[in-house]
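Text of entry_1.csv (CSV, C-alpha atoms) as supplied:
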```csv
chain,number,residue,atom,x,y,z
J,1,MET,CA,0.0,0.0,0.0
J,2,ARG,CA,1.0,3.6,-0.5
J,3,LYS,CA,1.8,5.7,2.5
J,4,GLY,CA,-1.7,7.3,2.6
J,5,GLU,CA,-3.4,3.9,2.4
J,6,GLN,CA,-1.1,2.6,5.1
J,7,THR,CA,-2.0,5.5,7.4
J,8,ARG,CA,-5.7,5.1,6.8
J,9,ALA,CA,-5.5,1.3,7.5
J,10,ALA,CA,-3.6,2.1,10.8
J,11,ILE,CA,-6.2,4.6,11.8
J,12,VAL,CA,-9.0,2.1,11.2
J,13,GLU,CA,-7.2,-0.5,13.2
J,14,ALA,CA,-6.7,1.9,16.1
J,15,ALA,CA,-10.3,2.9,15.9
J,16,LEU,CA,-11.4,-0.7,15.9
J,17,GLU,CA,-9.5,-1.2,19.2
J,18,ILE,CA,-11.3,1.8,20.7
J,19,ALA,CA,-14.7,0.7,19.4
J,20,SER,CA,-14.2,-2.8,20.8
J,21,THR,CA,-14.1,-1.4,24.4
J,22,GLN,CA,-16.0,1.9,24.2
J,23,GLY,CA,-18.5,1.2,21.4
J,24,LEU,CA,-18.9,3.0,18.1
J,25,GLU,CA,-20.2,6.0,20.0
J,26,GLY,CA,-16.9,6.1,21.8
J,27,LEU,CA,-15.1,6.9,18.6
J,28,THR,CA,-14.1,10.5,18.0
J,29,ILE,CA,-11.6,12.2,15.7
J,30,GLY,CA,-9.9,13.5,18.9
J,31,SER,CA,-9.6,10.0,20.5
J,32,ILE,CA,-8.1,8.6,17.3
J,33,ALA,CA,-5.7,11.5,16.9
J,34,GLU,CA,-4.5,11.0,20.5
J,35,LYS,CA,-4.0,7.3,20.0
J,36,MET,CA,-2.2,7.7,16.7
J,37,THR,CA,-0.2,10.7,18.0
J,38,MET,CA,-1.6,12.7,15.0
J,39,SER,CA,-3.3,16.0,14.6
J,40,LYS,CA,-7.1,16.0,14.3
J,41,SER,CA,-6.8,17.6,10.9
J,42,GLY,CA,-4.5,14.7,9.9
J,43,VAL,CA,-7.1,12.1,10.9
J,44,PHE,CA,-9.8,14.2,9.3
J,45,ALA,CA,-7.9,14.2,6.0
J,46,HIS,CA,-8.5,10.5,5.8
J,47,PHE,CA,-12.1,10.5,7.0
J,48,GLY,CA,-14.4,13.4,6.2
J,49,SER,CA,-16.6,12.7,9.1
J,50,ARG,CA,-17.0,10.7,12.3
J,51,GLU,CA,-19.7,8.7,10.6
J,52,GLU,CA,-17.4,7.7,7.8
J,53,LEU,CA,-14.9,6.5,10.3
J,54,GLN,CA,-17.5,4.5,12.1
J,55,ILE,CA,-18.5,2.8,8.9
J,56,ALA,CA,-14.9,2.1,8.0
J,57,VAL,CA,-14.5,0.4,11.4
J,58,LEU,CA,-17.6,-1.7,10.8
J,59,GLN,CA,-16.4,-2.8,7.4
J,60,GLU,CA,-12.9,-3.8,8.8
J,61,TYR,CA,-14.5,-5.7,11.6
J,62,GLU,CA,-16.7,-7.6,9.1
J,63,THR,CA,-13.7,-8.5,7.0
J,64,GLN,CA,-11.8,-9.8,10.0
J,65,PHE,CA,-14.9,-11.7,11.2
J,66,ILE,CA,-15.5,-13.4,7.9
J,67,ASP,CA,-11.8,-14.3,7.6
J,68,ALA,CA,-11.8,-15.8,11.1
J,69,VAL,CA,-15.2,-17.5,11.2
J,70,LEU,CA,-16.5,-18.3,7.8
J,71,PHE,CA,-13.6,-19.0,5.4
J,72,PRO,CA,-11.9,-21.7,7.5
J,73,CYS,CA,-15.2,-23.6,7.7
J,74,LEU,CA,-15.6,-23.9,3.9
J,75,LYS,CA,-13.0,-26.7,4.1
J,76,GLU,CA,-15.5,-28.8,6.1
J,77,PRO,CA,-17.8,-31.2,4.3
J,78,ARG,CA,-21.1,-29.7,3.2
J,79,GLY,CA,-24.0,-30.1,5.6
J,80,LEU,CA,-24.0,-30.4,9.4
J,81,PRO,CA,-20.2,-30.6,9.8
J,82,ARG,CA,-19.9,-27.2,8.1
J,83,LEU,CA,-22.8,-25.7,9.9
J,84,ARG,CA,-21.4,-26.9,13.3
J,85,ALA,CA,-18.0,-25.6,12.4
J,86,ILE,CA,-19.4,-22.2,11.6
J,87,PHE,CA,-21.4,-21.9,14.8
J,88,MET,CA,-18.5,-23.2,16.9
J,89,ARG,CA,-16.0,-20.8,15.4
J,90,TRP,CA,-18.5,-17.9,15.9
J,91,LEU,CA,-18.9,-19.0,19.5
J,92,ASP,CA,-15.2,-19.2,20.0
J,93,ARG,CA,-14.8,-15.7,18.7
J,94,ILE,CA,-17.5,-14.5,21.0
J,95,GLY,CA,-15.7,-16.2,23.9
J,96,LYS,CA,-12.5,-14.2,23.0
J,97,GLU,CA,-14.5,-11.0,22.8
J,98,ILE,CA,-16.4,-11.2,26.1
J,99,ASP,CA,-13.8,-9.1,27.8
J,100,SER,CA,-13.5,-6.5,25.0
J,101,GLY,CA,-16.9,-6.7,23.5
J,102,CYS,CA,-18.3,-7.7,20.1
J,103,ILE,CA,-18.8,-4.8,17.8
J,104,TYR,CA,-21.6,-6.7,16.0
J,105,ILE,CA,-23.6,-7.0,19.2
J,106,SER,CA,-22.7,-3.7,20.9
J,107,GLY,CA,-23.2,-1.9,17.6
J,108,ALA,CA,-26.7,-3.4,17.3
J,109,THR,CA,-27.5,-2.3,20.8
J,110,GLU,CA,-26.3,1.2,20.2
J,111,TYR,CA,-28.0,1.7,16.9
J,112,ASP,CA,-31.1,-0.4,17.0
J,113,ASP,CA,-33.4,2.7,17.2
J,114,ARG,CA,-31.1,5.3,15.6
J,115,PRO,CA,-31.8,5.8,11.9
J,116,GLY,CA,-28.9,6.7,9.7
J,117,ALA,CA,-26.0,5.3,7.6
J,118,VAL,CA,-24.3,3.5,10.5
J,119,ARG,CA,-27.4,1.6,11.4
J,120,ASP,CA,-28.0,0.8,7.7
J,121,VAL,CA,-24.5,-0.7,7.5
J,122,LEU,CA,-25.1,-2.7,10.7
J,123,VAL,CA,-28.4,-4.1,9.5
J,124,LYS,CA,-26.8,-5.2,6.2
J,125,MET,CA,-23.9,-6.8,8.0
J,126,HIS,CA,-26.3,-8.8,10.2
J,127,ARG,CA,-28.5,-9.8,7.3
J,128,ASP,CA,-25.5,-10.9,5.2
J,129,TRP,CA,-24.2,-13.0,8.0
J,130,GLN,CA,-27.6,-14.6,8.7
J,131,LYS,CA,-27.8,-15.4,4.9
J,132,GLU,CA,-24.6,-17.4,5.4
J,133,MET,CA,-26.2,-19.2,8.3
J,134,HIS,CA,-29.3,-19.9,6.2
J,135,ARG,CA,-27.0,-21.2,3.3
J,136,ALA,CA,-25.2,-23.6,5.6
J,137,THR,CA,-28.5,-24.8,7.1
J,138,ALA,CA,-30.0,-25.3,3.6
J,139,GLN,CA,-26.9,-27.4,2.7
J,140,ALA,CA,-27.5,-29.5,5.8
J,141,ILE,CA,-31.0,-30.1,4.6
J,142,GLU,CA,-29.9,-31.0,1.1
J,143,GLU,CA,-27.5,-33.6,2.7
J,144,ASN,CA,-30.4,-35.0,4.7
J,145,HIS,CA,-28.7,-34.1,7.9
J,146,LEU,CA,-31.7,-32.0,9.0
J,147,PRO,CA,-35.4,-32.1,8.1
J,148,ALA,CA,-36.5,-30.5,4.9
J,149,ASN,CA,-38.7,-27.9,6.4
J,150,GLN,CA,-38.2,-24.2,5.8
J,151,ALA,CA,-39.9,-23.3,9.1
J,152,HIS,CA,-37.4,-25.6,10.9
J,153,ALA,CA,-34.5,-24.0,9.0
J,154,ASP,CA,-35.6,-20.4,9.9
J,155,GLN,CA,-36.1,-21.4,13.5
J,156,LEU,CA,-32.7,-23.1,13.7
J,157,VAL,CA,-30.9,-19.9,12.5
J,158,PHE,CA,-33.0,-17.8,15.0
J,159,GLU,CA,-31.9,-20.1,17.8
J,160,MET,CA,-28.3,-20.1,16.8
J,161,VAL,CA,-28.3,-16.3,16.9
J,162,GLY,CA,-30.1,-16.4,20.3
J,163,LEU,CA,-27.4,-18.7,21.7
J,164,ILE,CA,-24.7,-16.4,20.6
J,165,LEU,CA,-26.4,-13.3,22.1
J,166,ALA,CA,-27.0,-15.2,25.4
J,167,ALA,CA,-23.4,-16.4,25.6
J,168,HIS,CA,-22.1,-12.8,25.1
J,169,GLN,CA,-24.5,-11.2,27.6
J,170,GLN,CA,-24.2,-13.8,30.3
J,171,GLY,CA,-20.4,-13.8,30.0
J,172,ARG,CA,-19.9,-10.0,29.6
J,173,LEU,CA,-22.7,-8.6,31.8
J,174,MET,CA,-23.3,-11.4,34.3
J,175,GLY,CA,-19.7,-12.7,34.5
J,176,ASP,CA,-20.8,-16.3,33.8
J,177,THR,CA,-17.5,-18.1,33.0
J,178,LEU,CA,-19.5,-21.0,31.6
J,179,SER,CA,-21.6,-19.1,29.1
J,180,VAL,CA,-19.7,-20.3,26.1
J,181,ARG,CA,-19.9,-23.9,27.2
J,182,ARG,CA,-23.6,-23.5,27.9
J,183,ALA,CA,-24.2,-22.1,24.4
J,184,SER,CA,-22.2,-25.0,22.9
J,185,GLN,CA,-24.3,-27.5,24.8
J,186,GLY,CA,-27.4,-25.7,23.8
J,187,PHE,CA,-26.4,-26.0,20.1
J,188,GLU,CA,-25.8,-29.7,20.4
J,189,ARG,CA,-29.1,-30.2,22.2
J,190,MET,CA,-30.9,-28.3,19.5
J,191,ILE,CA,-29.2,-30.3,16.7
J,192,GLN,CA,-30.2,-33.5,18.4
J,193,HIS,CA,-33.8,-32.4,18.4
J,194,TYR,CA,-33.8,-31.7,14.7
J,195,GLN,CA,-32.0,-34.9,13.9
J,196,GLN,CA,-34.5,-36.8,15.9
J,197,THR,CA,-37.2,-35.1,13.8
J,198,GLN,CA,-35.4,-36.1,10.6
J,199,SER,CA,-35.1,-39.7,11.8
J,200,GLU,CA,-38.9,-39.8,12.4
J,201,ILE,CA,-39.6,-38.4,9.0
J,202,LEU,CA,-37.3,-40.9,7.3
J,203,SER,CA,-38.8,-43.9,9.2
J,204,GLN,CA,-42.4,-43.1,8.1
```

Rendering of file as structure tokens:
Amino acid sequence: MRKGEQTRAAIVEAALEIASTQGLEGLTIGSIAEKMTMSKSGVFAHFGSREELQIAVLQEYETQFIDAVLFPCLKEPRGLPRLRAIFMRWLDRIGKEIDSGCIYISGATEYDDRPGAVRDVLVKMHRDWQKEMHRATAQAIEENHLPANQAHADQLVFEMVGLILAAHQQGRLMGDTLSVRRASQGFERMIQHYQQTQSEILSQ
């Protein structure tokens, strides 16, 4: 990268660290300038507004999230093995972010009722990720690992998201050191239920 691109990337990385602990609302041009030992005008030259900086942070977080969670799982066999790998890698990342905070989750809380460009980006990120979960679930259905029922598939994705949110809140807010393990057990119990349903369907 050219020097300007390198500086911009470094600013985004520094802003990502701040947003992880203080939320997107904790991001200011001043706090970034202080962390980077730059002038405010220097930071402002790379980002025309605080909102533009917040969106750049979200996009960088999404890139890192997909690289860490989704891409490694594509090596797993289609179907339930891949779906389980995606959920477990997601859960593992949540476990590592309990102390610092997950920007996906904290950002949704900050902007769930605040219209604007940042909220729009967050909504798209969540929708895109849930589309990946639906795709993996659909493949598990195609492989006959789960029952061929769209309502079941939609419910399964909903429950996976719920387990992740519960693990993060119980671990971060309530200090439950077993929250990740509980979510993992909840996932396996949920899959067993759907597999039992599939077995009953096939036996008819």

Using only C-alpha atoms, what table do you get, as a Markdown table, when you list each residue of range 68-117 of chain J with an atom no more than 6 Å from range 12-33 of chain J, its nearest pair of atoms, and their distance in Å rounded to one decimal, rows by chain then rising number?
```
| residue | atom | partner | partner_atom | distance |
| --- | --- | --- | --- | --- |
| J:Ser100 | CA | J:Thr21 | CA | 5.2 |
| J:Gly101 | CA | J:Ser20 | CA | 5.5 |
| J:Ile103 | CA | J:Ser20 | CA | 5.8 |
```

Legend entry - Protein, DNA and RNA residues within 12 Å of (-27.0, 2.6, 10.4), all atoms listed in the file, as an MDAnalysis selection string: chainID J and resid 24 51:52 54:55 58 107:126

Inset, instruction - Identify which of the residues J:Gly171, J:Gly48, J:Pro147, J:Pro81 lies closest to Gly95 in chain J, counting only C-alpha atoms when measuring atom-to-atom distances. - result: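 Closest residue, counting only C-alpha atoms: J:Gly171.
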
Legend entry - Minimum-distance residue to Ile98 in chain J, chosen among J:Gln155, J:Ser179, J:Gln196, J:Gln59 (using all atoms listed in the file): J:Ser179

Inset, instruction - Take CA of Val57 in chain J and CA of Val180 in chain J and report the distance between them in Å, one decimal. - result: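 If I compute the distance from CA of Val57 in chain J to CA of Val180 in chain J, I get 25.9 Å.
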
Inset, instruction - Kindly give the distance, in Å, that separates CA of Thr137 in chain J and CA of Pro77 in chain J, rounded to a single decimal. - result: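 Computing it gives 12.8 Å between the two atoms.
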
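CA of Arg182 in chain J lies 9.3 Å from CA of Ala166 in chain J.
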
Legend entry - Nearest-residue call for Gln195 in chain J, choices J:Leu80, J:Met160, J:Met133, J:Ala183, using only C-alpha atoms: J:Leu80

Legend entry - Nearest to Asp67 in chain J, chosen from J:Ala167, J:Ser41, J:Met36, J:Arg89, with all atoms listed in the file counted in the distances: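 Among the listed residues, the smallest separation from Asp67 in chain J belongs to J:Arg89.
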
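Residues within 10 Å of Ala138 in chain J, counting only C-alpha atoms and excluding same-chain residues fewer than 2 positions away, are Arg78, Gly79, Leu80, Leu83, Glu132, Met133, His134, Arg135, Ala136, Ala140, Ile141, Glu142, Glu143, Asn144, His145, Leu146, Pro147, Ala148, Asn149, Gln150, Ala153 and Asp154 of chain J.
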
Legend entry - Nearest residue to Gln139 in chain J from the set J:Glu188, J:Asp99, J:Glu76, J:Asp176 (distances using all atoms listed in the file): J:Glu76

Inset, instruction - Go through J:Lys96, J:Arg82, J:Lys131, J:His152 and flag the residue nearest Arg172 in chain J, using all atoms listed in the file for the distances. - result: J:Lys96
